[in-house]
Each structure stands twice: as structure tokens, then as C-alpha cells.
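Notes follow the structure.
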8 protein chains.
Amino acid sequence: MDEVTISRAITEGYLKDLLDSMELEVAIVGAGPSGMTAGYYLANNGVKAAIFERKLSAGGGMWGGGMMFNRIVVQAEGKGILDELDIRATEYQEGYYLADAVEATSTLCSQAVKAGTKVFNLLSVEDVMIREDDRITGLVLNWSAVSLANLHVDPLAIRARLVIDATGHDAEVCRIVARKTGAKLVISGEKSMWAEVGEKEIVENTKEVCPGLLVAGMAANAVCGSPRMGPIFGGMLLSGKKAAELALDLVRKT
Amino acid sequence: MDEVTISRAITEGYLKDLLDSMELEVAIVGAGPSGMTAGYYLANNGVKAAIFERKLSAGGGMWGGGMMFNRIVVQAEGKGILDELDIRATEYQEGYYLADAVEATSTLCSQAVKAGTKVFNLLSVEDVMIREDDRITGLVLNWSAVSLANLHVDPLAIRARLVIDATGHDAEVCRIVARKTGAKLVISGEKSMWAEVGEKEIVENTKEVCPGLLVAGMAANAVCGSPRMGPIFGGMLLSGKKAAELALDLVRKT
Amino acid sequence: MDEVTISRAITEGYLKDLLDSMELEVAIVGAGPSGMTAGYYLANNGVKAAIFERKLSAGGGMWGGGMMFNRIVVQAEGKGILDELDIRATEYQEGYYLADAVEATSTLCSQAVKAGTKVFNLLSVEDVMIREDDRITGLVLNWSAVSLANLHVDPLAIRARLVIDATGHDAEVCRIVARKTGAKLVISGEKSMWAEVGEKEIVENTKEVCPGLLVAGMAANAVCGSPRMGPIFGGMLLSGKKAAELALDLVRKT
Amino acid sequence: MDEVTISRAITEGYLKDLLDSMELEVAIVGAGPSGMTAGYYLANNGVKAAIFERKLSAGGGMWGGGMMFNRIVVQAEGKGILDELDIRATEYQEGYYLADAVEATSTLCSQAVKAGTKVFNLLSVEDVMIREDDRITGLVLNWSAVSLANLHVDPLAIRARLVIDATGHDAEVCRIVARKTGAKLVISGEKSMWAEVGEKEIVENTKEVCPGLLVAGMAANAVCGSPRMGPIFGGMLLSGKKAAELALDLVRKT
Amino acid sequence: MDEVTISRAITEGYLKDLLDSMELEVAIVGAGPSGMTAGYYLANNGVKAAIFERKLSAGGGMWGGGMMFNRIVVQAEGKGILDELDIRATEYQEGYYLADAVEATSTLCSQAVKAGTKVFNLLSVEDVMIREDDRITGLVLNWSAVSLANLHVDPLAIRARLVIDATGHDAEVCRIVARKTGAKLVISGEKSMWAEVGEKEIVENTKEVCPGLLVAGMAANAVCGSPRMGPIFGGMLLSGKKAAELALDLVRKT
Amino acid sequence: MDEVTISRAITEGYLKDLLDSMELEVAIVGAGPSGMTAGYYLANNGVKAAIFERKLSAGGGMWGGGMMFNRIVVQAEGKGILDELDIRATEYQEGYYLADAVEATSTLCSQAVKAGTKVFNLLSVEDVMIREDDRITGLVLNWSAVSLANLHVDPLAIRARLVIDATGHDAEVCRIVARKTGAKLVISGEKSMWAEVGEKEIVENTKEVCPGLLVAGMAANAVCGSPRMGPIFGGMLLSGKKAAELALDLVRKT
Amino acid sequence: MDEVTISRAITEGYLKDLLDSMELEVAIVGAGPSGMTAGYYLANNGVKAAIFERKLSAGGGMWGGGMMFNRIVVQAEGKGILDELDIRATEYQEGYYLADAVEATSTLCSQAVKAGTKVFNLLSVEDVMIREDDRITGLVLNWSAVSLANLHVDPLAIRARLVIDATGHDAEVCRIVARKTGAKLVISGEKSMWAEVGEKEIVENTKEVCPGLLVAGMAANAVCGSPRMGPIFGGMLLSGKKAAELALDLVRKT
Amino acid sequence: MDEVTISRAITEGYLKDLLDSMELEVAIVGAGPSGMTAGYYLANNGVKAAIFERKLSAGGGMWGGGMMFNRIVVQAEGKGILDELDIRATEYQEGYYLADAVEATSTLCSQAVKAGTKVFNLLSVEDVMIREDDRITGLVLNWSAVSLANLHVDPLAIRARLVIDATGHDAEVCRIVARKTGAKLVISGEKSMWAEVGEKEIVENTKEVCPGLLVAGMAANAVCGSPRMGPIFGGMLLSGKKAAELALDLVRKT
């Protein structure tokens, strides 16, 4: 067992995938519930997709349930996705399914990767690439550690036919696009909690907000000024699935 | 869809499990590779076990591969566990298998929870419970957020017939026991890297270090002063499996 | 004496109250002088009320008197409330009563809880619940430690027929409502110190500012742009009492 | 209503007490459960005592219950003190009484002050005064804000016939005395949790550790190397009461 | 030599002066060069004045000269004030006098105090007192350590017939007044460096900016949008002197 | 008035003095009361001395009196030095003189500089120069801002026939010498407060502790393990004066 | 070898250059690629120029390549400058030359200094000097350590006929000028990445933006709202060269 | 010009060199003066060497001269190396040569890289590789940003026949080896400044301190307890050259 062989294996294995992912069909930003669901369905449909996640681990706030009580609730409409992903849930009351947050998060991530989506963790989106028709054509990436460590190092760029902003209520990619390109993208911020309405609107809000950029999950509600929902995840999963379907259509058209 | 029903479902669901886990057969500290492997095998054998993890997410440093290149290497001896857990790996060179770090981490976690191990994330071990024969009889736990937020709040205690320290190279539980109980537990710290030796000794070092306390994974090498190994995970998985076997024996005896 | 029994007693005791408080008549935010006075009078009148306090201890800045000289002054109009609460005060000069800040704070808290108000400390209000008529119908809560520790964890929600914002000069709940719901709620900020005027206006400013939301104490002056008063507490106590009276009316009507 | 009159009332009121407290019979350090209980019984017996507390609020960690679940447990032996202080508690199981942490903390503080003990919050003990027979003769105090703000400002001194260290598991006064005077004061640190033993020994450990210095509460167990107890407060209250009795004897003798 | 007598002497001595200074003719904020010069001339003319300084030491940035080279330059017009204060300066070139920054700062402070101005260091201005004609009638003060230590403690108030803002380029008092009272006080901020113009305009800018509030030194240029001057102090001293003359007039009129 | 001429005047003025001070008879470290008193008497006796002070301002903790009450006490023995320095003090009680802390600090600094001592503020001592007989022959200095800003920049060195450590209770120069040279210099740390003894011993402790290094003020008591004194400054002034006398003898001998 | 001689040599050597550089023809702010290229060509043409750099080292983000992979790319147009500076580059693909980032950065710096440009590192620009026709006539400088260490120390000023802002995408000098002088200088911020366009426009954007102030490198694109380019440096070098040519013309005209 | 081609060029260029450098003849840690000199001479002699530097830029403290006056001094013995590297220096006094710190640092770096040494900046040494005869056989490396950002990510390993510790006065590699391997390596720390002795001993101290590990530059004096020298660099350069010569011999032997 030789340490240098191990180092070489890891370096070569990663770099091959990184270089290969410099030309993507779909680049998903954020490995939270909607981003990973989108990745799962895209890869299942043969689309070349990768997820770029700022943190060390995937899953975002989903690990923590509500108030650190690590359980999540999914309503009837989302139960089918849980079943497809093989995540267990028990009925708490009619229409409310209770799942273990750790099981749900890790299983969703495991399924997305096994379906074929690459997850590049520890990478942050600094900017996007843009062309004359205001079309987003890729991401400008850097190690998250660079800005956490307050270093001044330039980023690199990758190309994608479509970008999905699944960064949660900050809607980070949309904010960058609005600030940098002057695109008419009004980000209203999510409204106060109203689970009923928020869950309904999140699927409607999942759409292409400017050429080349889709928005999914809480980012969709934040961009459209819809209410937040609390620790209920059905809408998030359905939004991720819808984003995958939209992306599939758009990618096949181009 | 009612927010208060969601809140009740989550609170009741969590509390039921927390109260139930206040009497365990095996309490595992640390949801890294060896702790989750131990949890998987214990639960598979019908042992009542739970993992207590300080961070929001499970997996520890395993998500990051080596130098943020998110791939890991497993040698031939550990390949069987990968197969059993349904984690894919390709042969890089004879005896060296290369796996995706994100797939490996999330799948291991998913499998451990599905096997029946509870994972309580966001909880830190502040102390242990001890009785007159210097036997460790449980853990003293607090929300990690309490100390991160610099608050002064008392912990709670849970009982366990056995504790497994799988906290990595800090060997946190062992350090607490050495400092607080005066138990003859010399923690040498891990030695410089020598993958060959480290991988071999980690399995030998997996053992009961004082009544009621087992040590597994990098914590085992740290306690025994064996070398570290780098981003190769076979020994970690084998150590977790051995800890489960030892715990099974000890629990059945008592 | 068994540690696990102690842990169970505490966990079950707290959770029972927390679940019970998920449906309230009045939710008070902030355990400062006006919030605790409101809680005292509401509970005395049989209203189901609870106070949510961000800090570990109740009392806010009242413990520190003026410039850390821990005495407070109450004018003649507020002396009656001190008497009712059994807080001692000596006449310094005609119309000015001097009390010990530590006695005043701890006794007010003790009396409010004994009257029947639950105090949930270490909980922060992240958001409110809202319905189509812009009515505030509850609070979205999280452990304060979550944001202090910079963790990303979702909140839970509780329902209340009325919310009282007693968060002091920041008027935190009002600010959230203004930012998130677009309610016509202009927060002017408190004006420069003028004790005479501030003390008079604080009682007038104690009122319902939007459907379901009352404001009391310094938050009332901050919302209405009235002057601040310095370490004189009569107006604060009178404002808390008036908020309780208004809430009583509104709760009984609905 | 005149602001300057208010300022004068507060300044004169505080300073009178501060100057008066520069010669005490008993100086208690720390306004946690044992310190406040000691203050209550001393003042009830006509002893001139004051409590010096580093924080803005009294009560320490007692507000937070266990793991932020704000309930505390008191065993049968301590129930009598709760009754005397008028703190409500319900029997959870034979011998285990459950009380509201906020009620217990605020009521204990209220009762101690009403009994006649002054509480000076926001003051830290920097050092002690010492005389040739290694007798502690007073405290060297500074505003806590001075060190929190990293300022370099000299302290002032007050005289006391006896000092009670009720600073919790840090045993701060004892540590200062051990470091500065060379007194033979071995501070073992509290041992791992064992409620049964810790509760029993805390009362035995409450004693004079060097001429002029008593130790009470968790500081007593820390100095003597006894186990910690978790969120059970009977021993703390009994230790505070015993410290008061010992101090009463010693003060009357001198 | 008795420590408690020392403590009493200091406490009584300070408190007497603090209580006495709660009614002032002129309250100066900031113990920099212009504030101390104003204090010197006011006290010399028998006006009851005090300086409130946020820092531990008086002198502000004057100790550091330019770029930490601790020398300062004074032009011919300011040389007379140096002479009056007994600060030595040597002619560097015609019209440019070079002085030691440490000598200049300490001597100016020494002379101002000896002339009869009280300096209260470690106190910050949190707010002003205001009356119906928008007249500033005093200052709202707190220990600087309170906000440095992030504590929540109320301030106290003192009355003054006139306030001089000598807080340097931040013009802190003016900013508070503009934000809190709505007074028409436009603060332009100091312009880029032009010593010639800045030195000339600083004296013109020294004036009453709203009823009861004068501005002096760099604060005058910041309020009026005049240029900054660099490490040349003539204008600062002349501005302080002029502020004293204006204050003298105004105080004598009322 | 030309900015560049001002910059040149300051730069040249400072540099001339800095270069001139690279060869000193006595280098004093610390511009607190004892260091400035030593500087005053040395310069008055024609010795070429300079004070190196880490902070922006001279005076150290002397500005803050006791507990931020800015008054200081001097006993009868030190009254003569106050008189010589022209610092006013009033008799509080027989043998206790009360002075204004701001007047005392600024006047002492002003007098030391006027007597001819250079004060270089903002400079820290990183190390000393040493020769084969373990004689201290100078100081190794750097801008304090360099370490505050966490920069890695080398220091410069100056030569002195004698060094006086007047750095207060940290005894910084002595600590450097003990750590770096192996000189037999035991630093006991100051003992608990006992004004009577501390004031007496501080003068005895003022002495040469190794070839070329004298110690004065609180540093003397810290090195010798004598008690601290609180905010009484007679001993400090007398110690500074004695250090000057010893230095004068030693410098004249060599 | 004498330490004091070394200290004198360094102090005198630096100060001579600093004093000499107080009157410059061209002052360049920022020692990144465009600033150093401008310095190289200016000095080569006999212009008296100096570079002021905030950091300890020259080179800025150029050392880090892209994503910490320390290589840079230069396109065909910039290859000539690399050749002139003797920086090696290999053709990666037609029109793309790959160079070592460490070699490129250090060699460019070495060449600029050898050509005769002084580099003053560790100095920050706080402000500019301005005259009545809104002409920038110099820089107001301070040690970077002063603001990093949070000290309050005045700056010094130097005169220059022209200033070049080469501070990168922050365009720091332009921002100061816009904020302080009211000059009509709209800073749009750099747009999203589009290498093709960014590289073309950076040379066009290199120009005089207000009397006495040129802008070069990324600062030029930030001021003009052109796209950013990523880790390709041809445009940066060409911009630096053009800035030198423009400056040469302007300096010779005046 | 295509961003993705640029990204590919940089990634492939870097990775090729990184993989190639996983087997080295000599691994130098630290790109300060001695490390870069060693690299220059090794590469000039055809040895495969690389420098690993923790910071973004090479050069360490050498850029800052003494006290931020960016000049350095080299004595006669080191002048030859300056000449060989083409670094200009002027004679200040007999035997003392004065050079520009920026020119010296950048030119030394430029020459080392051009000679053929790879510089990997932004990489930290976490550990070494070791074999049974206590021989150091390589380095365990991680991105510096990982620990700066407080991430938990595993390192990678590279092999080298010899390691040179040129990390300055911390002697980081030696400390790791002493702590981790138990090698008999006593690190005395550098002694107080004595330029004459320090410069002489640094060359003697440059040697193999345990199998496979050489020490050079200030690290050599720190390991051997020799004096520090101040901002004189002759010894550093000579030490780097000697380390190269020793390494050459050792590499050729094995």
C-alpha cells in the first residue's frame, strides 16, 4: 500500500471528472433537496448534469429537521418521490408523512449520485458566463475555501447549456445575474410563512427566469415573493422534479 | 396543510426517539466512516444502537476526499464492505479501488440508518457517566449549538451498556475519560503517515480500552500511537465492523 | 437518584409545555419589563399566554439600571404596579421612587410565571405566520443558539390569536412584518431622550398596529417615533398593563 | 419628570450601597443557586452580606434547565428549601420534583434580595486581599465590562470577614487564591457525572478551604474532585444553606 | 495604608465630580486637540465645562503624528496658542513649526485640566436630550465599555446649556442629532485633502449648527464638506479657541 | 501651506530623532507612571534616555483610576514627587492624597518630555540584544502595528548601555530575557493585593536584575513576587525615581 | 557586524527614497500585473514613477493562477510583453500561451524594479490631494498596518503629476475620488465573465477618467462596466503598457 | 478566446506538474530566502526539486525589510550570491551592502523558478511520511486554505528522497517530526539577537538533523539555539547554498 499511489489515484480520478464536467448540459447550483432531486431525474434521463455545492457536505439545512429536531414532514403529493427514492416515511396524520431527516438527506444524495450526477462539493459560484443575448452560458467557480480564508485567487469557468439555481432562499445565482448583467430579474425575497400557499406556488414558480437560467426550490419562492413553508419538503421535491423536466425539454430543443 | 400540525409531528417524532434512546445497548460517538459502519453492523444484528454526531451532517472529513479532490481509495481488504453497502468503486491499479467520496459517504449513512441505527446530529458529548468500578455507563450530552453560541446551559444524560469512541484523531471520549476519571488511558496521538502500517494496526487497535468503552477508527490509532493513513478508508471500515463485532459479544455477555 | 430519570423528567416536562403552547391565545415576544407585565395581567385574567425570549435570562437591560448602577426609577403613576407586584421602592424626591434593579427584575419575572404565563427562553422569532387578510396568526421560532452558532436549521411554528411585540427599541416583530408582508407599518425609530414626553406617549402608542399584532413598551415608542425615556420604568409597566387589557378585549371578541 | 433628577437618584442610590458594602461580614462571589441560597439564609439571620456577580443577570446556567429544556429537578432532600422560598414543584416520580427553571431562578433571586442581600451584578473578582497569616480579608473587584472590552483599568478593593466562592465548576476565587498566594489549595476539577455521589458529597465539600474562604455549590465539588450531577439542584441549595450556617458561626466567633 | 480607604477616596472623589457635572454650562464631546483647546479657554474664562471622551486616554490621533512618525506641524497662525500653552516648536521652514506630538498632546491635556475643565474619559455619547424648540439640552451618556462589551445597559443623562461636538471627522453628535431629531443638519463628510483651504475654512465652519449645538475641529469641516488637512494642527487649535469664544457669548446671553 | 512640505517636515523630524536614539545611555520600556518618572529624572540629570511605548498614548492604566472612576491616590511618601511635577492633590484623610487621574497622567508625560526624554510610541520590544557575558546591550524593536496586523516583518535594533523594564505587571522585557537568554531570572508574578506591603517592597525590588537590565514599577513586584497595591501610585513614582538614580550611577561608572 | 549599523543603513536607505518619492511624475497605485507593467514601461522611458502597494508582497492575485492552480494563460496579443520581460510561456493550443504564475509574477516585479520604478509596499491610499480645477495632484498615504491594527493615526501626502489607479476590480482610487470630490465618475462595477469582450475592452477603457487620474487593468473594466475575463492576463499587460504610454504623453505635455 | 479552454489549460498544466512532483529528489518547505536559494542551486545542478509554500506569495518576511522600511543588508560574504542572482546592492559602509527588499525578493524567486525549481504556493505541510528506520520519506500536504477556512479535509502525500526545512524560526517540519515520530530532535528556539554570532553559526547549523531531513536558514538557528540576526540576509543565502550542496551529495549517494 503506497501513499503516493493513493494520492495519484485521487488526483487523477478527480481531475478527469472535473475536466469532463467543464462542458455540461445542465449545471445545478446547490446540493439541497430540490437540487439533488433535479440531479436525480436529469441523470435518470441521460442528461449530463453536475451539482456544485459550496459546503463540504450535501443536504444543506435538511439534516436538521425543525429546530434541530431531525425529522421532516412530507405531504401526500410528495410521498411518491420518497417512495421512488426508497426513503421511508410513516403517516402521522392523514396527508402528513413523517421521515427521518438523516435518512432522507443521505438517501436522496446517494440516489442522485448513483443515477449519474456528479457532485462537486467545496466549490462556490462567484459569477456566471454571459453572451450578447443575455444568455447564461456557464458558471465561474472557485474553491469555497478561497473566500473563507480571505485569499485573493482568480476563479475558473465551466460551460453549461442550462443552469439551475437551487441555492435556497438566498437565490444566489439569480442575485449575481441581476447585479452583474442588468437582466430584468426582480428578487422579491420569500414572504412570511404560509405553508399551504408556499407549497402550491413553489411548483408554479419553478421556471426559466432568464435565458439559460432556471430556478428551483426555495430560490423559486424567493425570486417570486411567495411565502416560505417551514420544515415540509414535498414542494421542494416536486420543484426539483419539475426543474428536471423543464431542463430536459430545453436541452433537447437546443 | 397546517404549520402547527407539522411542528407537532416533528416535535413528537423526535422526542419519542430521544426518550427511547435514553437507554441504549450501544452508544456510538461520531458519524464518520467507522462509527457509521459500526452502527450498520450493530443494527443489522438487532442491537439497539444510536450515533451521536456533533455536526449538522454525518460523514465528517470523508466528503472531501484528499485535498478537496473528492475521491477516496479503498484497498482490497475493504472492498467487500463497499460491495455489501452497495458503494461503487473502480480498480485504479491492482489492489487500489477508487470511489466517489460523495457517493460513499451518503450511501454509508443511508444504509446505517435504514439498518436501524438512529443518528442524533447536532449533539456533543460533554462528559460520560461513570460508576464505582470505573465503568462507563452512559453519555452526558448537550446541543453543539450551546457551546458554539457560548451559552451556559446544563447537559442531559443517557445510559448505554457500551460506548464506542469513533470521534477520529481527537479521540474525544477517551480524552474526557482520561481527564475526568483518572482511568489509566494513555493517549499517544497518531504518528506520522505510514499507510501500510496504519491500515494494519487500526484493526488491532480496535478494542475495549476501559470498562464500557471501545475505540474505533482513527481514534483507535490515536489512542495507541499508530501511524495515520491518509485518504484510504479500508482500515476505517474494517475497524468499524470489528467494533460492532466486539460490542455484540460484550452486550450479549452482560 | 438516577441521571436518566432526571433527563426524562426534564425532557417530558418541557415538551409537554412546548406542545401545549403551540396553540396560544396570546404570544408575547420579549421578556423585558413590558412583556412580563403584560404576561402577568393576561395570566391573572385567565388568558393562555406565553413569553418567548431570545436570551438565556429574562429581564433584558432592566438588570443594569443606568450606566451599570443597578437602580431604577419609577414615577408616581407606576408606583401602584410595583406595589401590586410586591417590589419595594423608596421615595427619592416627590414623585420619584427608587427601586433595586435586581429585585425589580427578578420579582416581576417570578410574579409573571406564578400568575401562569409560560416563559420560553433561548427561543428567537425568525418570522411570523400570515393569512390572506394580512392577519398575523402565529410565530415562527427557532433556538437562538442556532443563529448564534451560525447553523442552517429550519424553524418551527406556533399559532396565536394575538401577538404582542415587546422586544424593546428594535421592535423586531414589527420590522419582520413590515419587511416580509408589505404591511403598511412605518417604523420611525425612537427619538432623542425626553422623559416627560416619552413616558406620556408610550401608553398612547400601545395599540394594535396591524391585524393580530399589538406593540408594547419601547417598541411602541420606536414604531411611533416618540422619544426615549432613560432608566425610568413607569411607562414601561403601564404600557405592559395596557397591552394586556387590549389583548383581553380582542381575545374575548374573537 | 426630569432626566437629571433620575440620573442623580440612580447614581446616589447605587453609590451609597456600594460605599456601604465596602465593609462586609460576608462577600459571596457568584449569583447562581448556591450563592443566592447562601445570601438568603445569611440575610435572614441578620448578617451583612452581598453577592458579586460577573454577568448582567443573576441565576447563571439555572435558567436553561437541561439542554435548553427549561425545567429543573430537585430531589426530596431539597424540596423543603423550595417550599420555604415559595417555588412550586410537582412530583414527577417518587423522590423527583420537577420545577420550572425560570420560576425557580427568578424567585430565588427575588427572595434573596428581599431578605436583605445586596446583589452587585456586572462586577468581576480580579483578585483577593490577603494578610500575613494567609487570611483572605476581602475582594479586588472591577467592572466585568473592563476586561470584556479589553481595557487596562485598575480595580478597587472591598473588605469582608468571610468570602464564599460560589462561582460554579470553575471555582474562580479558589483558583486565584491558589495561584496568587501559594496557599495549599489543590483544585482537582469536577469528576465525570454520577448524580447520586455528587449530590451527597457536595454538602460535605461545603467548608472553609483556607482562612477566610468558604466554598459552596459546584465549586465545592470542583475543589474536592467529586463528581458532577447534571441538572438536579437539591445539593446546590443544601450546599448554599450549609455555607450560610458555617459563615454565621465563623462571623459570630470573630 | 488601607485598601478600602483608597477605594472610598476614589469612589467618593469621582462621584462628587460626576454628580456636580450633571448640570453644566458647556459639555464638550471629544478630548482631541480642538475639544481640549475649547475646554482650556472656557475654563480660563470661568465657564463650567467638562469634556466627555470615549477612549481611555485623551488626545485622539494627535499622539501618532503622520504615519506613526510622532511629530506635528503648526503654521504661523497657530503658533501663538502653542506658546500660550507652553508647547515647544521649532521652525522647519518659514511659516512651518514642528513640534513633538507626545509633548503637544500631553501638555495641551495637562493645561486644559489645570485650567479647570473636568475630563471624563471612558464615557460615550449615546444620544442627546432635546426639547420642543429642537434645542439640545444635554447629553445621554454611557460607559464606552458597555457597548464594547456588547452589554445591554441603559444610559444616564446630564444637562448642559451648550454642547460642542469636537468628535473629529465622524461628527458623532451631529450625526445623532440629524438621525434622531430630524433637525435640518446636512453632514457632507470631509472632502479630499487640501491643507490650504481646509485650514482656512475650519475656523469659518466653527459655529452653532442647531440650537444648543456648536461644532469644532475636523467635525466642523465634515459637517460643512470642507477639505481635510493632514497632520497640521493650527486650524484645529484656532477652531477650538473660536468655539470657546462663541460658547462664552451664548452662555452669557442665556 | 503645502502638504508635501508638511510631510517632509514630519518625516525628517522623526527620522533624525530615531537615528539619534539608536545609541542611548538608557532605554526605558513602557510609558507608564514609573517609566515616565524614571525618564523625567534621568533627563533632568543630563542622561540620554528614551522611552519606548507599545500603545498610541502614554500613561497606560493610570488614566482610568480605579474601576473607571478616574481619580488616583498617593500616600504621603509620594506627595513630594507630585509637587515637583506640579500635579495637584488634595488630602482626603491623613496620609492619603487624591489627584485627578487625567491631570496626573498628562502632566507627568508633559514634564518627562520637556525634561528631555524622547518618547517613541507605537513601538514594541520584540527581543533584546545580548553579548557573551549575558549583558543586555540594546533593544530589538518593531512597530506595534506589525504584530497587531498579523504581518511578518523583521525588526530593527538600537543600542543602550542600560535598559529599564517598566512594562507593568507583565514584566515583558524580563520575560523575554528569561526565555531567550537562559539568564537566571525567576519571575514569580505579583501576589494578591496588600497595599501596605506592596508599596514598601516596590522600592526595594527596584534594582538591576541582570547585567544591563533594571526593573521598575509593578514589573519589579512581579519579578520579585511581592503583592500588588491597587490604584495607589506613590510606590510607582518612588520606584521610577530610584531606577533613575541607579541608572545614573551605573551609566557614570561605565 | 553591528546591528545598529544595519538598522541605520536600512532606515537611511528607505527614508532617502521615501523623501525623494514625495514629488513624483507618476504615482501608480497597486502592484498587480497592470500596475507593474505600467511601472516597467514608464521607468524604461525615464519617467520618475513609484508604485504604492497595500500588501506586504507585490503581485496580488496573480500568484494563485485559477482556483489555486498556479498557472496563467496569455493570448497571442500579450505574448510580446512576456517575451520582452523574459517570462517563459508554452503554447497550449493555438493562440493560448501557458505560463507559470510564480515565474510570471516574480519576474514582472523584478523587471519593473530593475527598470527603475520604486515599489513602496505596506502603504495604503487613504485619500487623494485635489485642487480647484478638480485636478488630482497627489496621494494621501498611510501604513496599511495602521488600519489593519485599528489605530487612529493621521496619514502623510505625496505629490504626483499623474496618478494611475491599478487597484483591480475595486478601483479604489476612483471610488475615493467619486466619493470625496463629487467628480462625475460613475463606477459601474465589472460585468459577468466574457473573456473575449473583456480582453478587448480593457485596452479601450485604459484612459484618463478625470484630470490627473488614469485607470488601468481590471479597475478600467470595473469603472466602465465591461466584463471580467478570468485568469487570462494579456489584456492586463496591454492595459498597463497603454497606461504607461498615455502617462508619458501627459507628463511630457505638462 | 474561450473561457473553458483557458480553464482546461490551467487545470491540465498544474495537474501535470503536481503529479510529476509527487516523486521528488528534494522537497523544500518554505519559499523564503534560504529555501529559494537552495532551490536555485539544486535546480542549477540538475536535481529534481520543488518548493512548497504556505502563503499565496513567495518571499516571506523578506519583502518588508526592517520595521517596514523595505531595504535589506547583506554582508561581504553574501555579496557573491547577490551578484550571481543579478540583485543590485550598494555599499553603505565597508562590508555592509544595501539592497532593495522588493528587488531582492522578486529576483531571487524569479531566478529559482527559471533555474527549474517548481514552486507550489498555497500548500501547507501537515505531516511527514516516515519509515521504520525513522527516515523521512516525504511530505503530507494540504491546501493552506483548508485549515484557514477551518474545514476538515484529508491531505495527500508526496515522496522525496530528502526534505529541507526552510520554514524560518518556527522550524515547522522539525517540530512535526519531533512531536510525531519521537525522533531525538531538540528544538531550542532562536536566542536573542546577536548578528555577528548568528550569521556565523547559521551556516554551521545547516545540516541533516535526522535521516532524510535537512534544516536551513533561521530554522537552523532555531533548532540549534543560536542567536537571531535581524534584517541581514547574508547568512540566510549562504545557508541555502550550503543546504543545496549537502542535498546534492546525499541525493547522489543514494
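Letters A, B, ... mark the chains of the C-alpha cells in the order given; residue numbers begin at 1 per chain; ligand numbers begin at 1, in order shown.
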Counting only C-alpha atoms, which residues of chain A come no farther than 6 Å from chain C, as a PDB file with C-alpha atoms, in the first residue's frame?
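Contents of the output file result-v1.pdb:
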```pdb
ATOM      1  CA  GLY A  61     -30.462  22.535   6.213  1.00  0.00           C
ATOM      2  CA  GLY A  64     -31.536  19.482  10.960  1.00  0.00           C
ATOM      3  CA  GLY A  66     -37.138  21.736  12.535  1.00  0.00           C
ATOM      4  CA  MET A  67     -35.447  23.430  15.481  1.00  0.00           C
ATOM      5  CA  LYS A 191     -42.661  36.173   2.251  1.00  0.00           C
ATOM      6  CA  SER A 192     -43.738  35.206   5.764  1.00  0.00           C
ATOM      7  CA  MET A 193     -44.660  31.593   6.429  1.00  0.00           C
TER       8      MET A 193
END
```
So that I can see what lies close to H:Asn205, please list as an NGL selection string the residues with an atom at most 7 Å from it, counting only C-alpha atoms and leaving out residues fewer than 2 positions away in the same chain. :H and (201-203 or 207 or 220-221 or 224)
Deliver the residues from the most recent selection as a file, using N, CA and C atoms, as a short mmCIF file (atom, residue, chain, number, x, y, z; two decimals), in the first residue's frame.
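File written: part_16.cif
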```
data_model
loop_
_atom_site.label_atom_id
_atom_site.label_comp_id
_atom_site.auth_asym_id
_atom_site.auth_seq_id
_atom_site.Cartn_x
_atom_site.Cartn_y
_atom_site.Cartn_z
N GLU H 201 26.99 31.16 12.91
CA GLU H 201 26.51 29.82 13.26
C GLU H 201 25.47 29.27 12.29
N ILE H 202 24.77 30.16 11.58
CA ILE H 202 23.70 29.66 10.72
C ILE H 202 24.24 28.70 9.66
N VAL H 203 25.43 28.96 9.19
CA VAL H 203 26.00 28.08 8.18
C VAL H 203 26.40 26.75 8.81
N LYS H 207 22.39 21.51 8.35
CA LYS H 207 22.86 20.12 8.33
C LYS H 207 21.69 19.16 8.33
N ALA H 220 17.44 26.64 11.05
CA ALA H 220 18.67 26.01 11.54
C ALA H 220 19.08 26.62 12.88
N ASN H 221 19.04 27.95 12.96
CA ASN H 221 19.39 28.59 14.23
C ASN H 221 18.37 28.28 15.32
N CYS H 224 19.06 24.83 16.68
CA CYS H 224 20.30 24.71 17.43
C CYS H 224 20.43 25.72 18.57
#
```
Write out as a PDB file with N, CA, C and O atoms, in the first residue's frame all residues of stretch 115-174 of chain C that backbone DSSP assigns to alpha helix (DSSP H).
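Output below, filename part10.pdb:
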```
ATOM      1  N   ALA C 115     -48.173  33.696  38.065  1.00  0.00           N
ATOM      2  CA  ALA C 115     -49.540  34.010  37.625  1.00  0.00           C
ATOM      3  C   ALA C 115     -50.010  33.044  36.538  1.00  0.00           C
ATOM      4  O   ALA C 115     -51.200  32.910  36.283  1.00  0.00           O
ATOM      5  N   SER C 144     -32.339  30.304  19.694  1.00  0.00           N
ATOM      6  CA  SER C 144     -31.386  31.402  19.478  1.00  0.00           C
ATOM      7  C   SER C 144     -29.999  30.861  19.177  1.00  0.00           C
ATOM      8  O   SER C 144     -29.239  31.446  18.404  1.00  0.00           O
ATOM      9  N   ALA C 145     -29.663  29.737  19.787  1.00  0.00           N
ATOM     10  CA  ALA C 145     -28.329  29.172  19.606  1.00  0.00           C
ATOM     11  C   ALA C 145     -28.071  28.804  18.155  1.00  0.00           C
ATOM     12  O   ALA C 145     -26.921  28.798  17.711  1.00  0.00           O
ATOM     13  N   VAL C 146     -29.120  28.512  17.404  1.00  0.00           N
ATOM     14  CA  VAL C 146     -28.937  28.136  16.008  1.00  0.00           C
ATOM     15  C   VAL C 146     -28.304  29.266  15.208  1.00  0.00           C
ATOM     16  O   VAL C 146     -27.333  29.071  14.482  1.00  0.00           O
ATOM     17  N   SER C 147     -28.837  30.480  15.362  1.00  0.00           N
ATOM     18  CA  SER C 147     -28.222  31.561  14.584  1.00  0.00           C
ATOM     19  C   SER C 147     -26.938  32.041  15.246  1.00  0.00           C
ATOM     20  O   SER C 147     -25.983  32.404  14.569  1.00  0.00           O
ATOM     21  N   LEU C 148     -26.861  32.016  16.578  1.00  0.00           N
ATOM     22  CA  LEU C 148     -25.600  32.388  17.233  1.00  0.00           C
ATOM     23  C   LEU C 148     -24.471  31.456  16.786  1.00  0.00           C
ATOM     24  O   LEU C 148     -23.323  31.876  16.654  1.00  0.00           O
ATOM     25  N   GLU C 172     -38.594  44.201  16.909  1.00  0.00           N
ATOM     26  CA  GLU C 172     -38.197  43.148  15.965  1.00  0.00           C
ATOM     27  C   GLU C 172     -39.366  42.526  15.202  1.00  0.00           C
ATOM     28  O   GLU C 172     -39.265  42.271  14.003  1.00  0.00           O
ATOM     29  N   VAL C 173     -40.441  42.252  15.903  1.00  0.00           N
ATOM     30  CA  VAL C 173     -41.566  41.600  15.215  1.00  0.00           C
ATOM     31  C   VAL C 173     -42.169  42.566  14.191  1.00  0.00           C
ATOM     32  O   VAL C 173     -42.463  42.181  13.056  1.00  0.00           O
ATOM     33  N   CYS C 174     -42.329  43.802  14.577  1.00  0.00           N
ATOM     34  CA  CYS C 174     -42.855  44.793  13.627  1.00  0.00           C
ATOM     35  C   CYS C 174     -41.966  44.918  12.399  1.00  0.00           C
ATOM     36  O   CYS C 174     -42.453  45.021  11.273  1.00  0.00           O
TER      37      CYS C 174
END
```
Residues within 10 Å of A:Arg252, only C-alpha atoms, excluding chain neighbours under 5 positions, as a list in words: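 My list of contacting residues is Glu25, Val47 and Ala247 of chain A.
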